[in-house]
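Worksheet for the structure shown next.
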Amino acid sequence: MYNFFLTKIQGGGVQHPIGVCNGCHRTTAQVCSLHNSYWWSGETVMEPIWWMEVFGLGTVAQVVTGEGYFGEYLSINIGFGLAVAMGVHVGGKVSGAHMNAAVSFTMCVFGRLRWKMLPLYVFAQFLGSFLAAGTIFSLYYDAINHFCGGNLTVSGPKATAGIFATYPAPYISVYTGFFDQVAGTGLLLLCLMALSDQRNQPLVSGGEAVGVGLLVMLIGVSMGSNSGYAINPTRDLGPRLFTLMAGWGTEVFRAGNCWWWVPLVAPFIGGVLGALIYKALVELHHPDLKSTITRPAVDPECIPLDKCKNGRIEIPV
């Protein structure tokens with residue numbers, strides 16, 4: 001990004017000061033500050049998704065290993081919804097709470113996030129998800145082994161790989177599953193665009209976390225049974241790689257007719273399509289602010305008499 005030059009002493013003069021970048025004349029301290037800010041942004045992305053995944057995967061682990069005594073499917077939907085809300089609370093004002101690679105990619109496509117930030121954000125999201133899977137595996141290690149008898153499997157009545165990553169229902173084809181992920185992520189982005197649109201009906205300040213959490217819970221209760229509503233590439237891939245390393249083996253990539261690539265690819269397509277639909281059908285049809293005169297809600301019956309001149313009512317704009 002920057003070209004640094006060493007200090008050269010020639011004839012008592014200093015040429016090419018240390019830490020000045022070509023064309024921008026930034027000092028070393030300024031450039032280091034920019035680099036620190038860049039990596040700090042990654043850390044602030046990793047932390048919210050770690051919190052979100054720990055709460056979400058923890059809910060799944062409790063339901064699965066508890067065999068119905070400690071929750072049911074609705075518990076998972078509520079758990080992930082609240083988990084997302086907490087993640088937004090943790091990082092919303094710092095990094096925008098980018099916990100979904102499909103969302104980050106879509107924001108880049110529509111010019112709301114710089115492309116140079118995308119690799120850092122995606123890596124931070126992946127790392128946060130991977131570490132969260134490790135956290136839940138450690139926390140529920142005894143419960144998982146007690147439930148499955150020490151036999152870590154991907155499918156069957158005692159399967160536990162689904163605690164960490166998503167897998168399709170036995171009756172779902174890859175084509176249906178792909179459409180499921182495109183549709184789910186598309187609706188996620190469409191609604192996120194609406195919730196943040198200041199010229200529509202945006203969320204009240206401070207209510208963003210609750211709104212986004214409710215949205216994720218809504219997608220779960222309405223579109224979750226087919227394949228677990230991953231709608232997030234890094235949320236699925238990080239824990240899947242962890243299970244590969246933790247004892248479940250390569251079956252985590254072969255199961256469901258090699259299902260693993262569907263939640264990795266489809267959400268990117270769905271996210272862009274959902275945002276494009278909102279932009280084309282709603283955002284582009286907002287009235288032009290420059291041609292709109294905002295007038296206060298004044299009741300003509302309440303105008304003082306001294307504001308009435310020649311039978312005309314003067315209303316200040």
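Residue names in the structure tokens use chain letters A, B, ... in the order shown, residue numbers from 1 in each chain, and ligand numbers from 1 in the order shown.
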
Ile144 in chain A environment, 8 Å, only C-alpha atoms, sequence neighbours closer than 4 positions dropped, as JSON, numbers by chain:
{"A": [61, 65, 140, 148, 150, 160]}

Please, could you write that set of residues out with C-alpha atoms as an mmCIF file, in the first residue's frame?
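Resulting contents of result.cif:
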```cif
data_model
loop_
_atom_site.group_PDB
_atom_site.id
_atom_site.type_symbol
_atom_site.label_atom_id
_atom_site.label_comp_id
_atom_site.auth_asym_id
_atom_site.auth_seq_id
_atom_site.Cartn_x
_atom_site.Cartn_y
_atom_site.Cartn_z
ATOM 1 C CA ALA A 61 -25.511 -28.260 21.770
ATOM 2 C CA THR A 65 -27.244 -33.449 23.955
ATOM 3 C CA TYR A 140 -19.887 -29.561 25.941
ATOM 4 C CA CYS A 148 -23.068 -40.338 21.383
ATOM 5 C CA GLY A 150 -17.767 -41.397 22.112
ATOM 6 C CA THR A 160 -23.480 -34.526 16.673
#
```

Could you tell me how far CA of Thr234 in chain A sits from CA of Gly270 in chain A, in Å to one decimal place?
14.9 Å

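Between Ile219 in chain A and the candidates A:Ala101, A:Leu273, A:Ile76, A:Val282, the tightest atom-to-atom separation, counting only C-alpha atoms, involves A:Ile76.
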
So, counting only C-alpha atoms, which residue among A:Glu53, A:Val221, A:Phe137, A:Tyr171 is closest to Leu152 in chain A?
A:Phe137

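Shortest atom-to-atom contact with Phe55 in chain A among A:Asn257, A:Thr135, A:Ser225, A:Thr106: A:Thr135, counting only C-alpha atoms.
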
Looking only at helix (DSSP H, G or I) from DSSP on the backbone, list the matching residues of range 35-240 of chain A as a ChimeraX atom specification.
/A:35-65,73-95,101-109,115-139,141-148,161-163,174-196,208-223,233-240

Go through range 167-216 of chain A and flag each residue having an atom no more than 7 Å from range 81-93 of chain A; for those, report the closest pair of atoms plus their distance in Å to one decimal, using only C-alpha atoms, ordered by chain and rising number, as CSV.
```
residue,atom,partner,partner_atom,distance
A:Ala209,CA,A:Ala85,CA,4.4
A:Val210,CA,A:Ala85,CA,5.6
A:Val212,CA,A:Ala85,CA,6.4
A:Gly213,CA,A:Gly81,CA,4.3
A:Leu214,CA,A:Gly81,CA,5.9
A:Val216,CA,A:Gly81,CA,5.3
```

Limited to N, CA and C atoms, could you put the picked residues into a file as an mmCIF file, in the first residue's frame?
```
data_model
loop_
_atom_site.group_PDB
_atom_site.id
_atom_site.type_symbol
_atom_site.label_atom_id
_atom_site.label_comp_id
_atom_site.auth_asym_id
_atom_site.auth_seq_id
_atom_site.Cartn_x
_atom_site.Cartn_y
_atom_site.Cartn_z
ATOM 1 N N ALA A 209 -30.044 -3.768 17.272
ATOM 2 C CA ALA A 209 -29.737 -5.132 17.705
ATOM 3 C C ALA A 209 -31.002 -5.975 17.827
ATOM 4 N N VAL A 210 -32.034 -5.411 18.432
ATOM 5 C CA VAL A 210 -33.287 -6.143 18.604
ATOM 6 C C VAL A 210 -33.923 -6.439 17.256
ATOM 7 N N VAL A 212 -32.522 -6.705 14.209
ATOM 8 C CA VAL A 212 -31.782 -7.710 13.441
ATOM 9 C C VAL A 212 -31.938 -9.085 14.083
ATOM 10 N N GLY A 213 -31.924 -9.144 15.404
ATOM 11 C CA GLY A 213 -32.116 -10.421 16.084
ATOM 12 C C GLY A 213 -33.476 -11.032 15.784
ATOM 13 N N LEU A 214 -34.517 -10.209 15.804
ATOM 14 C CA LEU A 214 -35.860 -10.693 15.479
ATOM 15 C C LEU A 214 -35.934 -11.164 14.026
ATOM 16 N N VAL A 216 -33.481 -12.509 12.211
ATOM 17 C CA VAL A 216 -32.843 -13.830 12.120
ATOM 18 C C VAL A 216 -33.735 -14.898 12.728
#
```

Coordinates-based distance that separates CA of Pro233 in chain A from CA of Asn100 in chain A (Å, one decimal):
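Going from CA of Asn100 in chain A over to CA of Pro233 in chain A, I get 7.1 Å.
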
Using Å and a single decimal, report how far CA of Gly177 in chain A sits from CA of Val109 in chain A.
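Spanning CA of Val109 in chain A to CA of Gly177 in chain A is a straight-line distance of 24.5 Å.
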
Near-range 236-247 of chain A list (9 Å; only C-alpha atoms; drop same-chain fewer than 4 positions) as a ChimeraX atom specification
/A:125-134,137,152-153,161,164-166,230-232,251-253,260-261,263-264
